[in-house]
4 protein chains.
Amino acid sequence: MPAITGNDYIERIDHLKTCVWIDGALVTGKISEHPAFKGVMKSQAALYDLQHAESLKDVMTYPSPSTGEPVGMSYLQPKTSDDLIKRRAMIQQWAISNNGMMGRSPDYMNTVLMAFASSVNFLKGKENCFPENIIKFYEYARENDVSMTHTFIDPQVNRAKFYFEDTDEPIAAKVMEKNEEGIIIKGARLLATQGGITDEIVVFSAGGIQDKAKSFAFSIPSDSKGLKFVCRDSFVEGDSSFNYPLSSRFEEMDSIVIFDNVLVPWERVFYYDNIEVSNKFMASSSFLPFTLHQAVSRQIVKTEFVLGIVQSIIDTINIVEYQHVQEKASEIIVALETMKALVIKSEIEAKIDEWGFMRPDQTTLQIAINLFPRVYPRFTEIIQLLSASGLMTIPTEKTFQSSIRKDLDQYLQAKSRNAEDRIKIFRLAWDLTMSSFGTRETLYERFFFGDPIKLSSKLYFSYDKEPYVKRVKNFLQE
Amino acid sequence: MPAITGNDYIERIDHLKTCVWIDGALVTGKISEHPAFKGVMKSQAALYDLQHAESLKDVMTYPSPSTGEPVGMSYLQPKTSDDLIKRRAMIQQWAISNNGMMGRSPDYMNTVLMAFASSVNFLKGKENCFPENIIKFYEYARENDVSMTHTFIDPQVNRAKFYFEDTDEPIAAKVMEKNEEGIIIKGARLLATQGGITDEIVVFSAGGIQDKAKSFAFSIPSDSKGLKFVCRDSFVEGDSSFNYPLSSRFEEMDSIVIFDNVLVPWERVFYYDNIEVSNKFMASSSFLPFTLHQAVSRQIVKTEFVLGIVQSIIDTINIVEYQHVQEKASEIIVALETMKALVIKSEIEAKIDEWGFMRPDQTTLQIAINLFPRVYPRFTEIIQLLSASGLMTIPTEKTFQSSIRKDLDQYLQAKSRNAEDRIKIFRLAWDLTMSSFGTRETLYERFFFGDPIKLSSKLYFSYDKEPYVKRVKNFLQE
Amino acid sequence: MPAITGNDYIERIDHLKTCVWIDGALVTGKISEHPAFKGVMKSQAALYDLQHAESLKDVMTYPSPSTGEPVGMSYLQPKTSDDLIKRRAMIQQWAISNNGMMGRSPDYMNTVLMAFASSVNFLKGKENCFPENIIKFYEYARENDVSMTHTFIDPQVNRAKFYFEDTDEPIAAKVMEKNEEGIIIKGARLLATQGGITDEIVVFSAGGIQDKAKSFAFSIPSDSKGLKFVCRDSFVEGDSSFNYPLSSRFEEMDSIVIFDNVLVPWERVFYYDNIEVSNKFMASSSFLPFTLHQAVSRQIVKTEFVLGIVQSIIDTINIVEYQHVQEKASEIIVALETMKALVIKSEIEAKIDEWGFMRPDQTTLQIAINLFPRVYPRFTEIIQLLSASGLMTIPTEKTFQSSIRKDLDQYLQAKSRNAEDRIKIFRLAWDLTMSSFGTRETLYERFFFGDPIKLSSKLYFSYDKEPYVKRVKNFLQE
Amino acid sequence: MPAITGNDYIERIDHLKTCVWIDGALVTGKISEHPAFKGVMKSQAALYDLQHAESLKDVMTYPSPSTGEPVGMSYLQPKTSDDLIKRRAMIQQWAISNNGMMGRSPDYMNTVLMAFASSVNFLKGKENCFPENIIKFYEYARENDVSMTHTFIDPQVNRAKFYFEDTDEPIAAKVMEKNEEGIIIKGARLLATQGGITDEIVVFSAGGIQDKAKSFAFSIPSDSKGLKFVCRDSFVEGDSSFNYPLSSRFEEMDSIVIFDNVLVPWERVFYYDNIEVSNKFMASSSFLPFTLHQAVSRQIVKTEFVLGIVQSIIDTINIVEYQHVQEKASEIIVALETMKALVIKSEIEAKIDEWGFMRPDQTTLQIAINLFPRVYPRFTEIIQLLSASGLMTIPTEKTFQSSIRKDLDQYLQAKSRNAEDRIKIFRLAWDLTMSSFGTRETLYERFFFGDPIKLSSKLYFSYDKEPYVKRVKNFLQE
């Protein structure tokens with residue numbers, strides 16, 4: 001089954017017996033009908049369906065190298081600049097369908113896996129490394145349009161610089177033993193977005209590992225024995241898309257992943273017990289350039305949506321004449337065009353890597369990922385500053401359906417919108433910036449590629465400043 | 001009935017037949033048992049009860065000038081600096097009981113009314129003004145500990161500089177006619193916080209009125225005929241104080257107020273049909289200095305709470321060693337001590353006004369109110385930046401009560417807290433900064449005394465810059 | 001004489017009898033030997049000489065369309081994307097020779113004129129317009145490598161929104177009369193950078209003209225009768241490039257231009273007495289896209305220099321380990337790569353305009369010009385924050401040449417530099433950010449394309465937000 | 001000679017044979033006539049003269065406890081709140097005479113010494129400590145109105161966290177040996193402001209000493225044998241107070257202090273060879289509260305001057321109607337009133353210390369000193385943003401005295417000022433924010449009490465956050 005439909009996706013996930021805890025109860029029955037998951041699963045299904053829209057086929061899929069059947073474009077291993085542009089077109093097509101609200105639309109994880117597969121040569125011949133397992137899993141995923149989540153952070157026990165876990169039982173997930181069938185994992189990991197509503201979970205490390213037992217990478221089905229997903233409370237507050245235009249559709253959920261002596265079969269182990277590889281694979285592989293390219297492309301679409309909302313608010317209550325309003329809106333325009341420019345530059349300056357794949361320029365994308373966590377929260381602030389009481393004057397759908405409606409129609413009308421349309425816009429603005437869903441989106445963008453301060457440091461150290469230091473030196477010697 | 005108890009308050013409100021619409025339905029039955037209101041009414045009741053705590057009697061009440069019975073200290077008309085300090089002690093005592101989360105604890109409205117009563121001389125002898133009605137109502141409120149809300153903004157139809165309503169039916173509330181019994185009001189007003197759970201609603205204008213029919217001030221009981229309160233959706237997401245430590249207790253609700261030909265009896269009219277008075281009373285009365293003094297005193301307590309939360313987070317996950325963490329926490333300390341200093345200065349520089357009352361220095365308090373809307377949102381940002389994934393790793397109370405608890409105990413423990421205590425802190429931080437309740441608090445503080453940009457302009461124009469201009473002039477002539 | 005040498009430039013300027021007032025005296029004798037001008041003229045001459053460097057000929061010049069002789073690349077009217085890239089290469093080559101410090105290196109004005117010449121069709125057939133004069137002057141300038149300055153702002157008398165000059169004598173320059181020979185101009189204009197050290201001065205309006213007599217454009221020789229340049233004080237503080245590495249070389253001077261009944265001969269009049277043309281030519285012509293392309297290309301080189309200085313400081317006193325230092329340096333990296341990305345995008349998205357020339361995308365360049373005035377001052381702040389007392393510990397060249405030198409060698413040594421090299425770096429940092437020259441550079445970048453707040457508004461109004469508003473609308477109707 | 005006159009000061013300094021190097025030459029002759037020093041010495045002299053102004057005697061002096069003669073109020077050891085207010089009155093009186101531009105007006109150092117003298121009990125009975133020498137020197141200074149500078153930072157060789165000097169010859173000043181007469185110091189120290197134009201130099205450590213030989217404190221006459229002051233270049237650019245209204249008067253100079261085997265006689269040694277005392281004296285003594293009180297009081301006056309300039313600019317070019325202008329000006333108002341509030345709070349919350357002196361609240365003053373380095377640079381930015389080209393259109397005094405003046409009068413007139421007055425205001429604004437003098441003032445305020453980031457950390461660690469943590473804890477247990 002190559003590029004799947006939404007229905008395929010939903011059936012496959014419903015069919016799994018994934019252990020998902022939410023609000024003190026195990027999810028039983030079809031997870032696609034559970035109030036916390038049904039909205040987002042429907043939105044995800046819609047993404048898969050887009051792959052079969054006649055007009056988008058060429059955008060969303062390409063012929064499988066093994067079968068010729070259409071497979072998801074996000075699996076495409078790019079070899080030319082044109083391939084990068086194709087990838088971007090697909091990413092943004094999907095993003096438009098949720099206005100960039102789904103940080104974990106399938107292209108994200110597909111890209112992760114594609115990047116791993118394009119970097120397997122790094123693992124060749126290294127101890128406890130199984131590059132062939134990555135290739136095999138990549139092909140399996142591509143040909144079956146497997147949905148995935150991932151986890152790569154240890155629990156937040158102690159964030160001091162020099163902290164070594166020192167407990168009888170593991171807290172952070174680690175290899176407890178290995179046997180004929182595979183390796184046994186025990187402990188926890190943070191934070192699987194969409195955890196519980198994907199076929200598989202990919203598990204690896206972000207680097208900085210000091211304990212051999214924590215140096216591993218693998219993928220396993222979500223319903224593996226002993227694997228548990230523990231959710232935060234759902235931010236779906238109701239089904240009404242009038243009341244909750246975003247959260248009713250795009251609440252992806254985040255879950256703690258617990259490994260209760262989970263067996264990872266050997267054919268699914270990518271590497272283990274190899275600290276060096278574990279700490280270098282992320283940096284040496286094309287993981288960063290490809291996932292950043294995906295993320296930034298999506299964030300552009302999200303920013304366009306923000307701009308659309310801001311302009312709608314300005315129109316609705318007619319505040320365009322104020323210079324500070326113009327200035328605030330133009331902050332968003334500046335951010336939007338900057339993000340666009342950075343993606344273009346990353347593609348223009350893309351280079352073939354040592355393994356033959358076309359990597360977008362990583363430094364350029366690092367700029368974008370240093371920028372976005374600073375501007376996105378500002379967007380939400382701008383929306384609040386422009387909307388003022390408009391974000392508190394937000395009666396619900398049922399109120400509009402009640403006998404009080406005629407009052408609302410009169411008293412909540414706006415310059416260029418009737419009461420209902422006006423409230424729809426403000427409820428959307430509220431759901432983006434003030435609902436539990438909206439603030440989680442903000443937090444998500446703040447930390448999407450890690451702590452902003454560490455991102456700064458990484459950029460600083462990886463950037464080649466030497467030519468400019470030399471220019472100064474030469475100038476001083478003139 | 002002088003200083004009431006919580007029970008008095010609840011019974012009185014339950015007894016009213018106030019017309020409150022929420023989510024498409026009229027509230028029937030006891031409003032104190034309605035899920036959207038019960039938490040905050042209980043918290044409000046607790047405030048009234050504090051008036052009777054043996055140890056706090058002298059802080060919370062003073063002897064009524066008419067009966068000698070204890071009445072609420074917030075009604076005290078200050079005549080000395082010491083009176084101001086007494087008022088602050090009371091305000092902060094109440095604020096501590098909700099950590100400053102209740103912007104409309106009764107002292108706020110009591111202060112409004114006290115300020116009006118202390119400024120009635122301004123109205124004396126002016127057309128269509130009834131200063132004696134204010135005095136009478138003030139005494140009635142003081143002696144009966146009447147709870148109140150207010151409304152003073154027109155609906156947000158069109159925020160252009162030059163906008164004149166031009167519809168057949170009024171949108172903004174106005175006087176439609178007067179008769180023997182009183183004046184008849186039709187139209188809407190924004191935004192009554194606690195609308196529906198107070199005895200009375202005070203209605204007046206913030207100034208800038210150009211239409212005579214909109215120039216009025218009065219107070220009427222919440223259950224006046226034709227008066228409707230239309231609520232936004234409730235941000236109470238559940239009763240659990242584990243899950244929602246703040247919203248389950250302090251969600252004050254905001255409502256649109258609709259006047260459907262409401263009769264205001266003459267004895268409750270403060271003034272009407274007098275544009276000049278309507279536009280000048282706010283500025284000339286002691287409304288601003290006294291309400292600002294109340295607000296800033298409360299905001300100090302709220303800032304202390306924020307600092308407590310921030311420090312608790314730092315301890316919990318042990319991030320104290322990072323310079324940027326220290327810097328962020330010290331931003332809060334700077335804001336806290338600055339707010340404290342400003343209140344002190346306003347009291348030190350208080351002056352007896354033309355009518356014999358001791359006004360805290362208004363300019364100094366304007367500084368505070370220009371500052372707080374800028375720092376408070378930054379506090380919430382700091383909490384998010386320090387907490388990171390901690391604000392997504394937040395399983396619910398029921399999860400802790402389920403069989404998965406032992407896993408949580410192991411995997412969610414933190415450096416200096418067990419799992420449960422750690423989640424409690426992070427859920428509190430989440431409820432303050434990311435829940436719908438928390439973001440509404442942020443919006444509330446952003447706009448508490450109006451649009452931040454207009455506040456800036458007002459400060460600029462009211463501040464006496466001349467002495468410094470002269471100093472420059474003299475210097476240039478030396 | 002096509003592409004000239006530095007010597008040609010200097011001789012030509014010295015030969016003029018331009019009326020330049022500085023510090024109460026008329027410049028007499030060779031202006032190239034005047035302390036206020038000799039440094040910058042030498043630097044300018046070096047630019048012209050680069051045109052003849054064997055290795056750079058193809059970068060700096062192209063064959064004249066009329067004679068085939070090499071003429072300055074900045075005169076090239078681009079017809080392809082490749083032409084834009086050629087232009088950028090030339091701009092940045094010149095910029096590197098002064099590290100972007102010369103805002104008015106000749107390519108700037110040459111680009112202005114090229115843009116005018118490429119837009120003359122706009123003027124065709126319009127009243128009082130002489131497009132053929134522009135073409136003629138453009139060709140003359142190109143074939144003779146004429147150096148130019150310009151002026152387009154009225155004196156800063158009263159910056160209120162509605163201000164109309166109402167004096168007997170003109171303040172802002174205007175046409176007083178016309179006669180057979182040409183038009184007569186009287187009044188003043190701000191601010192000619194390099195005024196007095198160029199062959200010609202181009203005079204036009206930035207738009208917003210309401211008085212017919214002010215609606216004109218022309219070019220005249222700097223030594224036209226009645227034309228006076230009144231300078232501010234020179235920021236050259238000495239010849240020592242040790243002490244003043246930047247100001248001794250790149251101080252371009254700004255001057256008020258006074259027209260004392262200056263005759264502009266008809267063949268040099270581009271248009272006059274045509275308010276509409278005067279107000280629309282700037283916006284309709286390719287002035288903005290081409291000059292912005294020049295400016296942003298130069299600002300990139302300047303930013304590289306800033307980064308080089310910052311990194312040199314970090315190395316010198318060994319502060320690389322501090323996270324906040326890394327963060328500050330990475331702010332500059334982010335700005336640099338963003339500016340680079342924007343130029344690339346403007347070239348990628350360039351389009352042939354109605355008159356057949358290839359315009360870089362104006363919106364994209366507007367983003368850059370909204371950004372740079374905000375980041376450049378921050379660069380200077382970062383340099384100060386990293387350098388601390390290093391910017392006060394800056395003995396002069398003569399101190400190093402005196403007997404106290406051995407003490408300096410011992411006590412001013414730094415981690416990775418000897419005392420002399422260390423002081424050179426810090427004096428450079430000081431000259432960039434703290435000398436009168438350096439702060440004038442900051443002011444220059446703050447206002448290069450106008451008031452930052454107006455730039456914001458312009459961007460807001462010119463940007464097409466409609467597609468995103470529509471996306472929101474569609475989303476709300478789903 | 002108690003409270004001296006300006007003349008006394010000048011004669012005394014001229015009489016010294018202090019070794020001052022500037023621009024490669026030793027100052028010979030009267031230093032009060034040297035172009036680099038004459039302006040500031042005259043301004044300093046004017047301060048001393050104020051002590052004898054009939055109307056200010058009681059403000060500026062108090063009766064010496066030993067002789068009853070009037071001595072400088074800055075020597076007053078405060079024992080009551082009223083004494084603090086007296087001290088502030090004196091500080092601000094002096095500050096007004098230079099508009100806060102002289103960071104090292106004599107009250108600063110007098111306060112340092114007063115604080116030392118008020119804390120000598122800390123040294124009693126400790127090894128190598130001579131509290132009696134401090135008392136003696138304090139009394140000597142008070143009774144003779146001795147002018148002083150100080151130095152307490154090591155040269156900026158290597159700012160890494162773990163740096164230990166490892167050279168044959170000392171770089172940072174240290175004790176080389178001791179003998180009968182005293183201790184011998186060799187090495188350098190940064191940065192003596194006013195170094196060379198004071199009677200004495202006080203030398204001590206800011207703390208963090210790890211090398212015994214660097215743990216000392218003493219005072220010696222400026223002309224001690226082997227003591228050299230090496231100046232940066234002077235920022236006095238001329239005598240004209242039209243051209244340089246600030247730098248011609250208030251350029252205090254900063255110098256490197258070199259100890260070439262300087263003998264400090266025993267009676268002038270305060271302590272030596274005692275790391276613990278050296279590292280604790282600053283923190284335990286009243287140094288911080290008293291010097292902060294002085295500094296903040298001065299910064300208030302400086303801020304008033306900034307506000308005066310800003311308002312003068314707004315008036316001059318008539319930009320008051322712009323909301324962003326009002327907002328920017330109100331930023332300064334907010335800062336000014338905040339600083340005032342903090343000083344008042346520090347006095348209100350002053351407490352008698354263990355040695356019987358009335359210390360202003362240190363924490364409150366730390367807030368001010370965390371704030372000012374952030375707002376002052378913003379002031380200079382605001383001035384630039386409001387002035388725009390006005391800061392480049394600044395012809396000199398001589399230009400006004402030349403025949404071109406009539407043109408200036410016409411073309412540089414402003415809305416509410418004639419050309420000359422307008423240029424005076426803008427030159428003042430320029431001298432404050434853009435001249436080498438002005439930028440040095442900015443740098444000075446940025447780092448007045450140390451690196452802003454370290455100041456943040458110190459505040460964080462010294463602040464008592466526990467009560468608020470407890471409040472959170474209690475709240476969570478409710």
# chains A, B, ... in the order shown; residues from 1 in each chain; ligands from 1

$ select_by_dssp --residues "segment 97-226 of chain A" --states "helix (DSSP H, G or I)" --output "PyMOL selection string"
chain A and resi 97-98+106-117+120-123+131-144+212-214

$ closest_atom_pairs --of "chain A" --to "chain B" --cutoff "6 Å" --atoms "only C-alpha atoms" --output "JSON lines"
{"residue": "A:Asp23", "atom": "CA", "partner": "B:Thr399", "partner_atom": "CA", "distance": 5.0}
{"residue": "A:Gly24", "atom": "CA", "partner": "B:Thr399", "partner_atom": "CA", "distance": 3.5}
{"residue": "A:Val157", "atom": "CA", "partner": "B:Ala414", "partner_atom": "CA", "distance": 4.2}
{"residue": "A:Asn158", "atom": "CA", "partner": "B:Ile317", "partner_atom": "CA", "distance": 4.7}
{"residue": "A:Arg159", "atom": "CA", "partner": "B:Ile319", "partner_atom": "CA", "distance": 5.7}
{"residue": "A:Ala160", "atom": "CA", "partner": "B:Ile319", "partner_atom": "CA", "distance": 5.6}
{"residue": "A:Ile171", "atom": "CA", "partner": "B:Tyr411", "partner_atom": "CA", "distance": 5.2}
{"residue": "A:Arg232", "atom": "CA", "partner": "B:Pro395", "partner_atom": "CA", "distance": 4.3}
{"residue": "A:Ile317", "atom": "CA", "partner": "B:Asn158", "partner_atom": "CA", "distance": 4.7}
{"residue": "A:Asn318", "atom": "CA", "partner": "B:Asn158", "partner_atom": "CA", "distance": 5.5}
{"residue": "A:Ile319", "atom": "CA", "partner": "B:Ala160", "partner_atom": "CA", "distance": 5.6}
{"residue": "A:Ile394", "atom": "CA", "partner": "B:Arg232", "partner_atom": "CA", "distance": 5.0}
{"residue": "A:Pro395", "atom": "CA", "partner": "B:Arg232", "partner_atom": "CA", "distance": 4.3}
{"residue": "A:Thr396", "atom": "CA", "partner": "B:Asp23", "partner_atom": "CA", "distance": 5.6}
{"residue": "A:Lys398", "atom": "CA", "partner": "B:Gly24", "partner_atom": "CA", "distance": 4.5}
{"residue": "A:Thr399", "atom": "CA", "partner": "B:Gly24", "partner_atom": "CA", "distance": 3.5}
{"residue": "A:Ser402", "atom": "CA", "partner": "B:Gly24", "partner_atom": "CA", "distance": 5.2}
{"residue": "A:Tyr411", "atom": "CA", "partner": "B:Ile171", "partner_atom": "CA", "distance": 5.2}
{"residue": "A:Ala414", "atom": "CA", "partner": "B:Val157", "partner_atom": "CA", "distance": 4.2}
{"residue": "A:Lys415", "atom": "CA", "partner": "B:Asn158", "partner_atom": "CA", "distance": 5.2}
{"residue": "A:Met434", "atom": "CA", "partner": "B:Thr439", "partner_atom": "CA", "distance": 5.3}
{"residue": "A:Ser435", "atom": "CA", "partner": "B:Ser436", "partner_atom": "CA", "distance": 4.7}
{"residue": "A:Ser436", "atom": "CA", "partner": "B:Ser435", "partner_atom": "CA", "distance": 4.7}
{"residue": "A:Thr439", "atom": "CA", "partner": "B:Met434", "partner_atom": "CA", "distance": 5.3}

$ residues_around --residues "Glu200 of chain C" --least-positions-apart "5" --cutoff "10 Å" --atoms "only C-alpha atoms" --output "JSON, numbers by chain"
{"C": [13, 141, 146, 147, 148, 149, 150, 195, 219, 220, 221, 222, 223, 224]}

$ write_last_selection --atoms "C-alpha atoms" --output "PDB file, in the first residue's frame"
ATOM      1  CA  ILE C  13      37.154  68.273  -8.095  1.00  0.00           C
ATOM      2  CA  ALA C 141      27.746  60.994 -16.585  1.00  0.00           C
ATOM      3  CA  VAL C 146      30.861  62.033 -13.246  1.00  0.00           C
ATOM      4  CA  SER C 147      30.759  62.080  -9.460  1.00  0.00           C
ATOM      5  CA  MET C 148      27.515  63.284  -7.915  1.00  0.00           C
ATOM      6  CA  THR C 149      25.665  63.969  -4.730  1.00  0.00           C
ATOM      7  CA  HIS C 150      21.997  64.704  -4.310  1.00  0.00           C
ATOM      8  CA  GLY C 195      28.395  67.912  -0.862  1.00  0.00           C
ATOM      9  CA  SER C 219      21.268  68.359 -12.017  1.00  0.00           C
ATOM     10  CA  ILE C 220      23.839  71.120 -11.964  1.00  0.00           C
ATOM     11  CA  PRO C 221      27.602  71.362 -11.496  1.00  0.00           C
ATOM     12  CA  SER C 222      28.706  71.849  -7.915  1.00  0.00           C
ATOM     13  CA  ASP C 223      30.279  75.167  -8.772  1.00  0.00           C
ATOM     14  CA  SER C 224      27.149  76.683 -10.264  1.00  0.00           C
TER      15      SER C 224
END

$ atom_distance --atom1 "atom CA of Ala192 of chain D" --atom2 "atom CA of Gly226 of chain D"
16.0 Å

$ residues_around --residues "segment 289-304 of chain A" --least-positions-apart "3" --cutoff "7 Å" --atoms "only C-alpha atoms" --output "PDB file with C-alpha atoms, in the first residue's frame"
ATOM      1  CA  ARG A  88       8.795  22.509  -0.336  1.00  0.00           C
ATOM      2  CA  ILE A  91       5.194  20.630   2.577  1.00  0.00           C
ATOM      3  CA  GLN A  92       3.432  23.935   2.045  1.00  0.00           C
ATOM      4  CA  ALA A  95       0.593  23.053   5.722  1.00  0.00           C
ATOM      5  CA  ILE A  96      -2.045  25.187   4.034  1.00  0.00           C
ATOM      6  CA  ASN A  99      -2.543  26.668   8.294  1.00  0.00           C
ATOM      7  CA  GLY A 100       0.698  25.375   9.757  1.00  0.00           C
ATOM      8  CA  MET A 101      -0.959  24.372  13.038  1.00  0.00           C
ATOM      9  CA  TYR A 108       7.880  15.953   9.365  1.00  0.00           C
ATOM     10  CA  THR A 111      11.571  13.740   6.411  1.00  0.00           C
ATOM     11  CA  VAL A 112      13.357  12.586   9.555  1.00  0.00           C
ATOM     12  CA  ALA A 115      17.329  12.052   6.276  1.00  0.00           C
ATOM     13  CA  SER A 286      21.373  15.356   6.999  1.00  0.00           C
ATOM     14  CA  LEU A 307      -0.989  37.925   8.857  1.00  0.00           C
ATOM     15  CA  GLY A 308      -4.394  37.065   7.452  1.00  0.00           C
ATOM     16  CA  LEU A 336       7.161  36.489   6.822  1.00  0.00           C
ATOM     17  CA  MET A 339      11.456  33.455   6.508  1.00  0.00           C
ATOM     18  CA  LYS A 340      10.660  33.136   2.820  1.00  0.00           C
ATOM     19  CA  ARG A 359      21.245  19.342   1.283  1.00  0.00           C
ATOM     20  CA  PRO A 360      19.731  22.787   1.706  1.00  0.00           C
ATOM     21  CA  ASP A 361      22.173  25.142   3.376  1.00  0.00           C
ATOM     22  CA  GLN A 362      22.065  24.313   7.050  1.00  0.00           C
ATOM     23  CA  LEU A 365      18.049  27.390   8.047  1.00  0.00           C
ATOM     24  CA  ALA A 368      15.397  30.870  10.479  1.00  0.00           C
TER      25      ALA A 368
ATOM     26  CA  TYR C 468      -4.036  35.761   3.442  1.00  0.00           C
TER      27      TYR C 468
END

$ select_by_dssp --residues "segment 242-415 of chain D" --states "strand (DSSP E or B)" --output "list in words"
Asp254, Ser255, Ile256, Val257, Ile258, Phe259, Asp260, Asn261, Val262, Leu263, Val264, Pro265, Val269, Phe270, Tyr271, Tyr272, Lys351, Ile352, Met358, Arg359 and Ala414 of chain D

$ write_last_selection --atoms "C-alpha atoms" --output "compact mmCIF listing (two decimals), in the first residue's frame"
# COMPACT_ATOMS: atom_id res chain seq x y z
CA ASP D 254 39.82 58.23 32.30
CA SER D 255 43.31 56.99 32.93
CA ILE D 256 45.23 53.83 33.43
CA VAL D 257 47.10 53.91 36.72
CA ILE D 258 50.60 52.52 36.76
CA PHE D 259 52.45 51.75 39.96
CA ASP D 260 56.14 51.68 39.29
CA ASN D 261 57.28 50.39 42.66
CA VAL D 262 55.26 52.95 44.53
CA LEU D 263 55.77 53.15 48.28
CA VAL D 264 52.59 53.30 50.33
CA PRO D 265 53.57 54.52 53.80
CA VAL D 269 47.62 51.38 54.45
CA PHE D 270 44.03 50.37 55.29
CA TYR D 271 44.70 46.67 55.01
CA TYR D 272 46.93 44.32 53.05
CA LYS D 351 17.90 51.06 58.78
CA ILE D 352 20.52 51.69 61.39
CA MET D 358 21.63 54.93 58.87
CA ARG D 359 21.96 52.90 55.68
CA ALA D 414 12.53 76.30 13.37

$ residues_around --residues "Ser241 of chain B" --least-positions-apart "2" --cutoff "10 Å" --atoms "only C-alpha atoms" --output "list in words"
Gly238, Asp239, Asn243, Tyr244, Pro245, Leu246, Ser247, Ser248, Arg249, Glu397, Lys424, Arg427 and Leu428 of chain B; Leu476, Gln477 and Glu478 of chain D

$ residues_around --residues "Phe250 of chain A" --least-positions-apart "6" --cutoff "10 Å" --atoms "only C-alpha atoms" --output "list in words"
Phe37, Lys38, Gly39, Val40, Met41, Lys42, Ser43, Gln44, Asn98, Asn99, Gly100, Met101, Met102, Gly103, Ser105, Phe235, Val236 and Phe437 of chain A

$ write_last_selection --atoms "C-alpha atoms" --output "PDB file, in the first residue's frame"
ATOM      1  CA  PHE A  37      -8.144  12.588  19.229  1.00  0.00           C
ATOM      2  CA  LYS A  38     -10.949  12.547  16.732  1.00  0.00           C
ATOM      3  CA  GLY A  39     -10.437  16.105  15.508  1.00  0.00           C
ATOM      4  CA  VAL A  40      -6.759  15.840  14.824  1.00  0.00           C
ATOM      5  CA  MET A  41      -7.069  12.370  13.316  1.00  0.00           C
ATOM      6  CA  LYS A  42      -9.658  13.685  10.921  1.00  0.00           C
ATOM      7  CA  SER A  43      -7.354  16.529   9.964  1.00  0.00           C
ATOM      8  CA  GLN A  44      -4.487  14.109   9.527  1.00  0.00           C
ATOM      9  CA  ASN A  98      -4.076  23.210   8.578  1.00  0.00           C
ATOM     10  CA  ASN A  99      -2.543  26.668   8.294  1.00  0.00           C
ATOM     11  CA  GLY A 100       0.698  25.375   9.757  1.00  0.00           C
ATOM     12  CA  MET A 101      -0.959  24.372  13.038  1.00  0.00           C
ATOM     13  CA  MET A 102       0.103  20.735  12.834  1.00  0.00           C
ATOM     14  CA  GLY A 103       3.766  20.682  13.745  1.00  0.00           C
ATOM     15  CA  SER A 105       1.986  16.525   9.988  1.00  0.00           C
ATOM     16  CA  PHE A 235      -6.923  20.913  24.926  1.00  0.00           C
ATOM     17  CA  VAL A 236      -9.946  20.009  22.864  1.00  0.00           C
ATOM     18  CA  PHE A 437      -4.397  24.982  22.478  1.00  0.00           C
TER      19      PHE A 437
END

$ residues_around --residues "segment 121-126 of chain C" --least-positions-apart "6" --cutoff "8 Å" --atoms "only C-alpha atoms" --output "list in words"
Val277, Phe281, Ser284, Ser285 and Trp355 of chain C
